[in-house]
Every structure is written in C-alpha cells, then in structure tokens.
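Student: Dropping in upload.cif, which is mmCIF, C-alpha atoms and all ligand atoms:
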data_target
loop_
_atom_site.label_atom_id
_atom_site.label_comp_id
_atom_site.auth_asym_id
_atom_site.auth_seq_id
_atom_site.Cartn_x
_atom_site.Cartn_y
_atom_site.Cartn_z
CA MET A 157 -106.16 -33.78 -297.76
CA LYS A 158 -106.86 -32.37 -294.28
CA LYS A 159 -110.08 -30.41 -293.94
CA TYR A 160 -111.07 -27.62 -291.54
CA ASP A 161 -114.10 -25.45 -290.94
CA ALA A 162 -111.79 -22.45 -291.03
CA VAL A 163 -108.19 -21.76 -291.97
CA ILE A 164 -106.80 -18.47 -290.69
CA ILE A 165 -103.78 -17.09 -292.53
CA GLY A 166 -101.73 -14.96 -290.17
CA SER A 167 -101.60 -14.76 -286.39
CA GLY A 168 -101.34 -11.08 -285.58
CA PRO A 169 -104.10 -9.45 -283.50
CA ALA A 170 -106.67 -9.83 -286.33
CA GLY A 171 -105.98 -13.53 -287.01
CA LEU A 172 -105.79 -14.46 -283.33
CA THR A 173 -109.07 -12.69 -282.55
CA ALA A 174 -110.83 -14.36 -285.51
CA ALA A 175 -109.50 -17.70 -284.22
CA LEU A 176 -110.81 -16.96 -280.72
CA TYR A 177 -114.34 -16.32 -282.02
CA LEU A 178 -114.41 -19.41 -284.26
CA LEU A 179 -112.95 -21.67 -281.58
CA ARG A 180 -115.55 -20.48 -279.08
CA ALA A 181 -118.18 -21.34 -281.72
CA ARG A 182 -116.64 -24.85 -281.52
CA ARG A 183 -115.30 -24.80 -285.05
CA LYS A 184 -112.33 -26.81 -286.28
CA VAL A 185 -109.70 -24.14 -286.88
CA LEU A 186 -106.20 -24.16 -288.32
CA ILE A 187 -103.97 -21.10 -287.87
CA ILE A 188 -101.16 -20.77 -290.39
CA GLU A 189 -98.26 -18.46 -289.52
CA LYS A 190 -95.12 -17.80 -291.53
CA LEU A 191 -92.78 -17.28 -288.60
CA THR A 192 -94.05 -16.50 -285.14
CA PRO A 193 -97.38 -15.14 -283.81
CA GLY A 194 -97.80 -11.42 -283.29
CA GLY A 195 -97.24 -9.66 -286.59
CA GLN A 196 -96.15 -6.01 -286.51
CA VAL A 197 -97.12 -5.64 -282.83
CA LEU A 198 -94.10 -7.71 -281.90
CA LEU A 199 -91.91 -5.02 -283.43
CA THR A 200 -93.53 -2.27 -281.38
CA GLU A 201 -91.76 -1.40 -278.17
CA ARG A 202 -94.75 -0.02 -276.32
CA ILE A 203 -98.44 0.31 -277.19
CA GLU A 204 -100.15 3.22 -275.48
CA ASN A 205 -103.48 3.31 -277.30
CA TYR A 206 -104.86 -0.19 -276.78
CA PRO A 207 -107.68 0.24 -274.25
CA GLY A 208 -107.36 -1.48 -270.91
CA PHE A 209 -103.69 -0.67 -270.31
CA PRO A 210 -103.50 2.85 -268.85
CA GLU A 211 -99.72 2.60 -268.44
CA GLY A 212 -99.25 1.13 -271.94
CA ILE A 213 -98.03 -2.38 -272.61
CA ALA A 214 -95.00 -3.84 -274.41
CA GLY A 215 -95.87 -5.26 -277.84
CA PHE A 216 -94.55 -8.71 -277.00
CA GLU A 217 -96.52 -8.81 -273.72
CA LEU A 218 -99.78 -8.01 -275.50
CA VAL A 219 -99.06 -10.72 -278.09
CA ASP A 220 -98.27 -13.22 -275.31
CA ALA A 221 -101.64 -12.51 -273.72
CA PHE A 222 -103.50 -12.87 -277.05
CA VAL A 223 -101.74 -16.16 -277.80
CA LYS A 224 -102.35 -17.54 -274.31
CA GLN A 225 -106.06 -16.79 -274.56
CA VAL A 226 -106.41 -18.47 -277.97
CA GLU A 227 -104.33 -21.49 -276.94
CA GLY A 228 -106.80 -22.12 -274.12
CA TYR A 229 -109.12 -23.43 -276.87
CA ALA A 230 -106.42 -25.68 -278.41
CA PRO A 231 -106.39 -24.57 -282.05
CA GLU A 232 -104.34 -26.50 -284.61
CA LYS A 233 -101.33 -24.51 -285.79
CA LEU A 234 -99.00 -24.77 -288.73
CA THR A 235 -95.82 -22.86 -289.53
CA GLY A 236 -95.43 -22.26 -293.25
CA GLU A 237 -95.97 -19.85 -296.10
CA VAL A 238 -99.17 -19.93 -298.12
CA ARG A 239 -98.38 -20.02 -301.82
CA GLU A 240 -101.88 -19.98 -303.29
CA ILE A 241 -105.60 -20.09 -302.52
CA LYS A 242 -107.70 -22.12 -304.96
CA VAL A 243 -111.29 -20.93 -304.93
CA GLY A 244 -113.92 -23.71 -304.92
CA GLN A 245 -117.72 -23.92 -304.74
CA THR A 246 -118.09 -24.67 -301.03
CA ASP A 247 -114.57 -25.78 -300.15
CA HIS A 248 -111.51 -23.69 -300.88
CA VAL A 249 -107.96 -25.04 -300.94
CA VAL A 250 -104.96 -23.45 -299.27
CA GLN A 251 -101.72 -24.55 -300.90
CA LEU A 252 -98.43 -24.27 -299.05
CA THR A 253 -96.11 -26.58 -301.04
CA ASP A 254 -96.66 -29.02 -303.95
CA GLU A 255 -97.49 -31.72 -301.41
CA GLN A 256 -99.18 -29.66 -298.73
CA GLU A 257 -102.77 -28.69 -299.48
CA ILE A 258 -105.51 -27.96 -296.95
CA LYS A 259 -109.25 -27.81 -297.54
CA ALA A 260 -111.38 -25.23 -295.76
CA ARG A 261 -115.00 -24.08 -295.83
CA VAL A 262 -113.87 -20.67 -294.62
CA ILE A 263 -110.60 -18.83 -295.09
CA ILE A 264 -109.76 -15.69 -293.12
CA ILE A 265 -106.89 -13.74 -294.62
CA ALA A 266 -105.14 -11.84 -291.83
CA SER A 267 -101.67 -11.76 -293.35
CA GLY A 268 -100.99 -8.11 -292.49
CA ALA A 269 -98.68 -5.70 -294.22
CA ARG A 270 -94.94 -5.14 -294.47
CA TRP A 271 -92.80 -2.01 -294.43
CA ARG A 272 -92.59 -0.23 -297.75
CA ARG A 273 -89.20 0.52 -299.27
CA LEU A 274 -88.33 4.07 -300.25
CA GLY A 275 -86.86 3.02 -303.60
CA ALA A 276 -83.78 5.30 -303.43
CA PRO A 277 -80.37 4.18 -304.76
CA GLY A 278 -78.29 2.34 -302.14
CA GLU A 279 -81.33 1.33 -300.07
CA VAL A 280 -81.20 -2.37 -300.93
CA GLU A 281 -77.38 -2.46 -300.88
CA PHE A 282 -77.21 -1.01 -297.34
CA THR A 283 -80.19 -2.87 -295.85
CA GLY A 284 -78.73 -4.64 -292.81
CA LYS A 285 -75.62 -2.42 -293.17
CA GLY A 286 -77.10 0.73 -291.72
CA VAL A 287 -80.52 0.82 -293.37
CA SER A 288 -83.37 -0.67 -291.33
CA TYR A 289 -87.17 -0.80 -291.16
CA CYS A 290 -87.43 -1.81 -287.50
CA ALA A 291 -86.22 0.32 -284.59
CA VAL A 292 -86.97 -2.33 -281.95
CA CYS A 293 -84.95 -4.91 -283.90
CA ASP A 294 -81.94 -2.79 -284.89
CA GLY A 295 -81.98 0.33 -282.67
CA ASN A 296 -79.40 -1.01 -280.22
CA PHE A 297 -76.74 -1.18 -282.95
CA PHE A 298 -76.78 2.62 -282.93
CA LYS A 299 -76.18 3.36 -279.26
CA ASP A 300 -74.79 6.91 -278.91
CA GLN A 301 -74.62 7.26 -282.71
CA VAL A 302 -76.46 9.44 -285.22
CA VAL A 303 -79.49 8.08 -287.05
CA VAL A 304 -82.04 9.43 -289.47
CA CYS A 305 -85.71 8.44 -289.65
CA ILE A 306 -87.71 8.99 -292.82
CA GLY A 307 -91.49 9.51 -292.84
CA GLY A 308 -94.20 11.54 -291.16
CA GLY A 309 -96.79 9.00 -290.01
CA ASP A 310 -97.35 7.36 -286.62
CA THR A 311 -94.57 4.85 -287.21
CA ALA A 312 -91.93 7.48 -288.01
CA LEU A 313 -92.89 9.58 -284.96
CA GLU A 314 -93.14 6.68 -282.54
CA GLU A 315 -89.93 5.05 -283.71
CA SER A 316 -88.00 8.35 -283.67
CA LEU A 317 -88.97 8.71 -280.00
CA TYR A 318 -87.84 5.15 -279.33
CA LEU A 319 -84.52 5.67 -281.14
CA ALA A 320 -83.93 8.94 -279.29
CA LYS A 321 -83.63 6.87 -276.09
CA ILE A 322 -80.66 5.01 -277.61
CA ALA A 323 -78.97 7.23 -280.19
CA LYS A 324 -76.99 10.43 -279.65
CA LYS A 325 -79.08 12.27 -282.25
CA VAL A 326 -82.09 11.52 -284.42
CA TYR A 327 -82.83 13.44 -287.61
CA LEU A 328 -86.41 13.09 -288.75
CA ILE A 329 -86.87 13.82 -292.45
CA HIS A 330 -90.34 14.42 -293.83
CA ARG A 331 -91.32 15.35 -297.37
CA ARG A 332 -93.88 17.95 -296.26
CA ASP A 333 -94.05 20.61 -293.51
CA LYS A 334 -96.76 18.80 -291.51
CA PHE A 335 -96.82 15.35 -289.97
CA ARG A 336 -99.74 13.01 -290.56
CA GLY A 337 -99.06 11.09 -287.32
CA THR A 338 -101.14 11.47 -284.13
CA LYS A 339 -100.85 14.84 -282.33
CA ILE A 340 -99.70 13.33 -279.03
CA TYR A 341 -96.65 11.81 -280.78
CA GLN A 342 -96.05 15.09 -282.63
CA GLU A 343 -95.95 16.98 -279.33
CA LYS A 344 -93.41 14.53 -277.89
CA VAL A 345 -91.26 14.71 -281.02
CA PHE A 346 -91.29 18.54 -281.10
CA ALA A 347 -90.29 18.64 -277.42
CA HIS A 348 -87.50 16.07 -277.64
CA PRO A 349 -84.03 17.63 -277.36
CA LYS A 350 -82.34 14.86 -279.35
CA ILE A 351 -84.71 14.96 -282.35
CA GLU A 352 -84.08 17.44 -285.17
CA ILE A 353 -86.79 17.69 -287.81
CA ILE A 354 -85.87 18.34 -291.43
CA TRP A 355 -89.04 19.44 -293.25
CA ASP A 356 -89.89 19.42 -296.95
CA SER A 357 -87.06 17.03 -297.76
CA VAL A 358 -86.54 13.61 -299.28
CA VAL A 359 -83.68 11.12 -299.28
CA LYS A 360 -82.22 10.84 -302.77
CA GLU A 361 -79.51 8.27 -302.00
CA PHE A 362 -78.04 6.10 -299.26
CA LYS A 363 -74.24 6.39 -299.35
CA GLY A 364 -71.22 4.67 -297.84
CA GLN A 365 -68.46 2.12 -298.38
CA ASP A 366 -69.07 -1.19 -296.61
CA PHE A 367 -71.57 0.44 -294.25
CA LEU A 368 -73.91 3.41 -294.54
CA SER A 369 -72.19 6.70 -293.69
CA ALA A 370 -74.47 9.38 -295.16
CA VAL A 371 -77.78 10.11 -296.84
CA ARG A 372 -78.10 12.56 -299.70
CA ILE A 373 -81.11 14.76 -299.01
CA LYS A 374 -82.94 17.24 -301.19
CA ASN A 375 -85.07 20.13 -300.00
CA LEU A 376 -88.15 20.05 -302.23
CA LYS A 377 -88.87 23.77 -301.75
CA THR A 378 -85.38 25.16 -302.47
CA GLY A 379 -84.03 22.29 -304.61
CA GLU A 380 -80.88 22.35 -302.45
CA GLU A 381 -79.07 19.04 -301.93
CA GLN A 382 -76.65 18.03 -299.15
CA ASP A 383 -75.05 14.96 -297.60
CA LEU A 384 -76.10 14.28 -294.02
CA SER A 385 -73.59 12.16 -292.08
CA VAL A 386 -75.37 9.34 -290.25
CA ASN A 387 -74.59 5.89 -288.90
CA GLY A 388 -78.05 4.48 -289.47
CA ALA A 389 -81.20 5.21 -291.49
CA PHE A 390 -84.67 3.98 -290.55
CA VAL A 391 -87.29 4.01 -293.30
CA PHE A 392 -90.91 4.43 -292.14
CA VAL A 393 -92.85 5.42 -295.26
CA GLY A 394 -95.93 3.22 -294.92
CA MET A 395 -96.90 -0.33 -295.63
CA ASP A 396 -97.63 -2.74 -298.47
CA PRO A 397 -100.11 -5.61 -297.96
CA ASN A 398 -99.05 -9.27 -297.88
CA THR A 399 -101.32 -10.48 -300.66
CA ASP A 400 -99.05 -12.38 -303.09
CA PHE A 401 -101.10 -15.57 -302.63
CA VAL A 402 -104.53 -13.95 -302.97
CA PRO A 403 -106.54 -15.32 -305.94
CA PRO A 404 -107.68 -13.03 -308.78
CA GLN A 405 -111.36 -13.48 -307.82
CA ILE A 406 -110.72 -11.33 -304.73
CA LYS A 407 -110.93 -7.60 -305.37
CA LEU A 408 -107.95 -5.44 -304.36
CA ASP A 409 -107.62 -1.66 -304.36
CA ALA A 410 -104.98 0.20 -306.37
CA ARG A 411 -102.38 -0.34 -303.63
CA GLY A 412 -103.14 -4.08 -303.38
CA PHE A 413 -105.17 -4.07 -300.14
CA ILE A 414 -108.18 -6.45 -300.01
CA VAL A 415 -111.64 -4.94 -300.42
CA THR A 416 -114.20 -6.24 -297.90
CA ASN A 417 -117.66 -5.22 -296.77
CA ASP A 418 -118.25 -4.30 -293.14
CA GLU A 419 -118.76 -7.98 -292.27
CA MET A 420 -115.16 -8.56 -293.47
CA ARG A 421 -116.46 -10.63 -296.43
CA THR A 422 -114.52 -10.46 -299.68
CA GLU A 423 -116.29 -10.95 -303.00
CA VAL A 424 -115.72 -14.72 -302.75
CA PRO A 425 -118.22 -16.54 -300.49
CA GLY A 426 -116.41 -18.09 -297.54
CA ILE A 427 -113.28 -15.94 -297.85
CA PHE A 428 -112.91 -13.11 -295.35
CA ALA A 429 -110.12 -10.60 -294.70
CA ALA A 430 -109.22 -8.82 -291.46
CA GLY A 431 -106.60 -6.41 -290.13
CA ASP A 432 -103.91 -4.42 -291.94
CA VAL A 433 -104.25 -6.47 -295.16
CA ARG A 434 -107.67 -5.02 -295.99
CA VAL A 435 -108.71 -1.59 -297.22
CA LYS A 436 -109.42 0.57 -294.16
CA SER A 437 -108.72 4.06 -292.91
CA CYS A 438 -107.32 3.29 -289.47
CA ARG A 439 -104.64 0.63 -288.91
CA GLN A 440 -104.33 0.01 -285.18
CA VAL A 441 -104.15 -3.00 -282.87
CA ALA A 442 -107.62 -2.01 -281.66
CA THR A 443 -109.08 -2.00 -285.18
CA ALA A 444 -107.29 -5.25 -286.10
CA VAL A 445 -108.91 -6.89 -283.07
CA GLY A 446 -112.27 -5.43 -284.15
CA ASP A 447 -111.82 -6.79 -287.68
CA GLY A 448 -110.85 -10.20 -286.31
CA ALA A 449 -113.93 -10.36 -284.08
CA CYS A 450 -116.15 -9.32 -286.97
CA ALA A 451 -114.60 -11.83 -289.38
CA GLY A 452 -114.75 -14.69 -286.84
CA TYR A 453 -118.36 -13.89 -285.94
CA ASN A 454 -119.55 -13.58 -289.54
CA ALA A 455 -117.60 -16.68 -290.59
CA SER A 456 -119.46 -18.62 -287.86
CA ILE A 457 -122.78 -17.37 -289.25
CA TYR A 458 -121.66 -18.32 -292.78
CA LEU A 459 -120.86 -21.87 -291.61
CA GLU A 460 -124.23 -22.15 -289.83
CA GLN A 461 -126.01 -21.05 -293.00
CA LEU A 462 -124.30 -23.91 -294.84
CA ASN A 463 -126.08 -26.07 -292.23
CA GLU A 464 -122.80 -27.24 -290.81
P1 LIG A 501 -98.48 6.09 -293.06
O1 LIG A 501 -99.44 6.57 -292.04
O2 LIG A 501 -98.97 5.65 -294.40
O3 LIG A 501 -97.40 7.23 -293.25
C1 LIG A 501 -96.36 7.10 -294.18
C2 LIG A 501 -95.51 8.36 -294.12
O4 LIG A 501 -94.44 8.21 -295.03
C3 LIG A 501 -96.28 9.63 -294.52
O5 LIG A 501 -95.91 10.68 -293.69
C4 LIG A 501 -95.84 9.86 -295.95
O6 LIG A 501 -95.78 11.22 -296.30
C5 LIG A 501 -94.44 9.30 -295.95
N1 LIG A 501 -94.07 8.77 -297.25
C6 LIG A 501 -94.72 7.87 -298.01
N2 LIG A 501 -94.05 7.61 -299.13
C7 LIG A 501 -92.94 8.39 -299.10
C8 LIG A 501 -91.87 8.58 -299.99
N3 LIG A 501 -91.78 7.91 -301.13
N4 LIG A 501 -90.91 9.46 -299.62
C9 LIG A 501 -90.97 10.12 -298.46
N5 LIG A 501 -91.97 9.99 -297.58
C10 LIG A 501 -92.95 9.13 -297.90
O7 LIG A 501 -97.60 4.83 -292.53
P2 LIG A 501 -97.17 4.41 -291.05
O8 LIG A 501 -96.70 5.56 -290.27
O9 LIG A 501 -96.27 3.24 -291.21
O10 LIG A 501 -98.53 3.90 -290.42
C11 LIG A 501 -99.27 2.86 -291.07
C12 LIG A 501 -100.57 2.68 -290.32
O11 LIG A 501 -100.32 2.13 -289.03
C13 LIG A 501 -101.31 4.00 -290.10
O12 LIG A 501 -102.68 3.75 -290.19
C14 LIG A 501 -100.92 4.36 -288.68
O13 LIG A 501 -101.89 5.17 -288.01
C15 LIG A 501 -100.82 3.00 -288.03
N6 LIG A 501 -99.89 3.03 -286.88
C16 LIG A 501 -100.39 3.37 -285.68
C17 LIG A 501 -99.55 3.45 -284.59
C18 LIG A 501 -100.10 3.82 -283.26
O14 LIG A 501 -101.25 4.25 -283.20
N7 LIG A 501 -99.39 3.68 -282.18
C19 LIG A 501 -98.18 3.19 -284.72
C20 LIG A 501 -97.70 2.87 -285.98
C21 LIG A 501 -98.56 2.82 -287.06
P3 LIG A 501 -97.11 12.11 -296.46
O15 LIG A 501 -97.58 12.39 -295.08
O16 LIG A 501 -96.63 13.30 -297.19
O17 LIG A 501 -98.07 11.28 -297.27
#
Show the structure stored in the file as structure tokens.

Tutor:
Amino acid sequence: MKKYDAVIIGSGPAGLTAALYLLRARRKVLIIEKLTPGGQVLLTERIENYPGFPEGIAGFELVDAFVKQVEGYAPEKLTGEVREIKVGQTDHVVQLTDEQEIKARVIIIASGARWRRLGAPGEVEFTGKGVSYCAVCDGNFFKDQVVVCIGGGDTALEESLYLAKIAKKVYLIHRRDKFRGTKIYQEKVFAHPKIEIIWDSVVKEFKGQDFLSAVRIKNLKTGEEQDLSVNGAFVFVGMDPNTDFVPPQIKLDARGFIVTNDEMRTEVPGIFAAGDVRVKSCRQVATAVGDGACAGYNASIYLEQLNE
C-alpha cells in the first residue's frame, strides 16, 4: 500500500493551498481529485472579491494560477473518488476502490460542497432539460430566452446578473422580501433592467412536456398561485457538503458540515478539514484559501510532533 505524509481530498482553493503549505514543508503529498482541479470556483464567471485583483478575475484563470503555483512543487496527483476513510492510530487509510487503498499520517478533507436541490416536483425530471444549477455551464442555451433564478443568497444574485447578459429576461424568485446576498450585488440586481424580482414566493412545481416550459409559483403572503412561462430555471438555494465518505468518528453539524477547531483539526488526530466542507459562517475563495493555509500549517506541526 502506498504511504504519504499527507493525502488531500479535493483540489479547490482550500485543498490546493493546504498542498502548497505541506509541499513547502517538504512533505510527501498526494492530492486526490474527483474530476478536475478548481471546485466551485471553476463554475464562477468572475470573482470580484478575491484581494489582489482590482478588476476581478475569471474563475478559471484564478484556478489556473493556483494549480501552476502548486505544481511548481511537483505533488503527486490522483483522479478518483474516495469511498471511505478508515481511522487508525497513527496512520489512516483512504479507500478509493476495493484494490486501491492509500495510507496517510495526515488527511485533509477539502471536498467542498455541491448545489442543493429545491425538492419540488419535476425538478429531477427536467434537470438538463431546462433546470440547471450552473449558469456558467448552461447559460448559453438560453440566449435571448426567458429564465428564472431561485434563491436570495450571493449565488442567486451573482448568477442572475450573469444570466441577464445572455437571456432576454430573468425572473428572480425569493421566498422572503429581503435578500441575504451581499449589498453590492443587490444594488446591481435592483438596477438591472432585465431582472424582475418576485418576492415572498416559492416554486411549487417545474412543468413542461419534453422540456421545461413553466414554473408554478406560490406567493407565501397571499397564497396565490400562478404559472410563469420560462425556458430555463436555475436553482441557487444553498449548498450541501460532500461528506459521504467521512467516518463516523468525525463530528458533523445538523446539515452534515464537518466541525473543526480554529486550527482546522477535526476530532480525529491527524484528520483536518478545510473550505466549504466545514462548519463556517463565510464561504468565499478568500476564506477557503485561509482554511487551506491553516490546515496545511497545522498539519505540518502535527507531523513534526510525531517526530517525523
Ligand atoms: P446561501 O447563502 O445559503 O443562500 C441560499 C438562498 O436560498 C437563501 O436566500 C435562502 O433563503 C434560499 N433558500 C434556501 N432553501 C430554499 C428553499 N427550499 N426554497 C426557496 N429558497 C430557499 O447559498 P449561496 O447563495 O449558494 O451561497 C453559499 C455560500 O457561498 C455563502 O456563504 C455565500 O456568501 C458564498 N458565495 C459567495 C459568493 C461571492 O462572494 N462572490 C458567490 C457565491 C456564493 P433565505 O434567505 O430565506 O434563507
């Protein structure tokens, strides 16, 4: 079985930064990624709040720069999906397939989070046929058409603005009468001529024949229901953590996010968590990078304390 000082699960900003710190501490590091490096940032058209880029930077460009910097230290990389972590005394085991097991003194879980489904009838049926969770991936299918975005957080606001550059009209449906997203995005949304906000409302059903053609919406204050004709619907109602493989010894909160202390340590010695997968109040590229640095730094100290 191959053995590493540290195995990092996930190569978004948190995982890549943790790798950078451990590699610079001259540790033997393996980075495991399911598909391609970058995580959610890759799906973001433009990032305007990562310091150092006054004009903003495209998500993929920022990822390219992160990857290039880490690759300068020649980490080992593996593409695959982690199935299980087996907790040991000093060595833990990361299992990918029946045959593929990897030993590690330290594991850093930086597996991120995925878009949450709304759970309304028709949502699953029309996913890929009008229902989407990624404006950058699917927005261009709706050029000069009518789309609806659902949600009131940063993602819903940012992605509505992105879609308004492509679509003829964007409805933005939110279940309350106030957004929770950042004020600067709110101001842009309020000022945008193509965006119409529908407050206090929820989507009850996604409707259509072969392809989505309408959403049934309900006003929660009046109880009134109506069909809104749309070509596409983008669901942005938050995130669920990627923690299916996390062992029961690691504490999760009620929503399944990993509980860490401020050194990014979980309750299991040698296992750390960083980025969107852990319990935190602010999920940003900047805070993911901070988590990654903290996890990489404290993992190095942990390895030193083992006299290794
Ligand atoms: P979020 O902040 O959790 O917001 C989710 C939104 O969906 C909320 O407005 C919520 O309504 C609504 N919602 C949740 N469940 C719903 C349901 N069943 N039906 C209808 N509406 C529902 O999620 P997010 O916007 O994806 O952002 C996730 C994290 O990433 C946040 O920390 C965010 O700041 C960060 N982020 C940052 C940026 C940026 O800074 N550029 C961009 C994207 C995301 P309520 O408001 O009523 O709860």

Student: Using all atoms listed in the file, what residues lie at most 10 Å away from (-114.8, -14.8, -280.9) (file coordinates), given as a list of chain:residue names?

Tutor: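 Collected hits near the coordinates: A:Leu172, A:Thr173, A:Ala174, A:Ala175, A:Leu176, A:Tyr177, A:Leu178, A:Leu179, A:Arg180, A:Ala181, A:Val226, A:Gly448, A:Ala449, A:Cys450, A:Ala451, A:Gly452, A:Tyr453, A:Asn454, A:Ser456.
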
Student: When distances are computed from all atoms listed in the file, which of A:Glu204, A:Glu279, A:Glu240, A:Asp300 shows the smallest separation from A:Lys363?

Tutor: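 For A:Lys363, the nearest of the given residues is A:Glu279.
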
Student: Between atom CA of A:Leu199 and atom CA of A:Leu408, what distance in Å does the model show, to one decimal?

Tutor: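 Distance reported for this atom pair: 26.4 Å.
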
Student: Could you list, with a cut-off of 7 Å and counting all atoms listed in the file, the residues of chain A near ligand LIG 501 (chain A), each shown with its nearest atom pair and the distance in Å rounded to one decimal, rows sorted by chain and ascending number, as a tab-separated table?

Tutor:
residue	atom	partner	partner_atom	distance
A:Ile203	CA	A:LIG501	N7	6.1
A:Glu204	CA	A:LIG501	N7	6.8
A:Asn205	CA	A:LIG501	O14	6.4
A:Leu274	CA	A:LIG501	N3	5.2
A:Ile306	CA	A:LIG501	N5	6.5
A:Gly307	CA	A:LIG501	O4	3.9
A:Gly308	CA	A:LIG501	O5	3.2
A:Gly309	CA	A:LIG501	O8	3.5
A:Asp310	CA	A:LIG501	O8	4.1
A:Thr311	CA	A:LIG501	O8	3.8
A:Ala312	CA	A:LIG501	O8	5.6
A:Glu314	CA	A:LIG501	C19	6.5
A:His330	CA	A:LIG501	N5	6.0
A:Arg331	CA	A:LIG501	C9	5.4
A:Arg332	CA	A:LIG501	O16	5.5
A:Phe335	CA	A:LIG501	O15	6.0
A:Arg336	CA	A:LIG501	O15	5.0
A:Gly337	CA	A:LIG501	O1	6.5
A:Val358	CA	A:LIG501	C9	5.7
A:Phe392	CA	A:LIG501	O9	5.6
A:Val393	CA	A:LIG501	O4	3.2
A:Gly394	CA	A:LIG501	O7	3.3
A:Met395	CA	A:LIG501	O9	5.7
A:Ser437	CA	A:LIG501	O12	6.6
A:Cys438	CA	A:LIG501	O12	4.7
A:Arg439	CA	A:LIG501	O12	3.9
A:Gln440	CA	A:LIG501	C16	5.2

Student: Please measure the separation of atom CA of A:Gly228 and atom CA of A:Gly166, giving the value in Å to one decimal.

Tutor: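 We find that atom CA of A:Gly228 and atom CA of A:Gly166 lie 18.3 Å from each other.
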
Student: May I have the protein, DNA and RNA residues with an atom at most 7 Å from (-90.9, 20.5, -290.3), counting all atoms listed in the file in the file's coordinates, returned as a list in words?

Tutor: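 Protein, DNA and RNA residues close to (-90.9, 20.5, -290.3): Asp333, Lys334, Ile353, Ile354, Trp355 and Asp356 of chain A.
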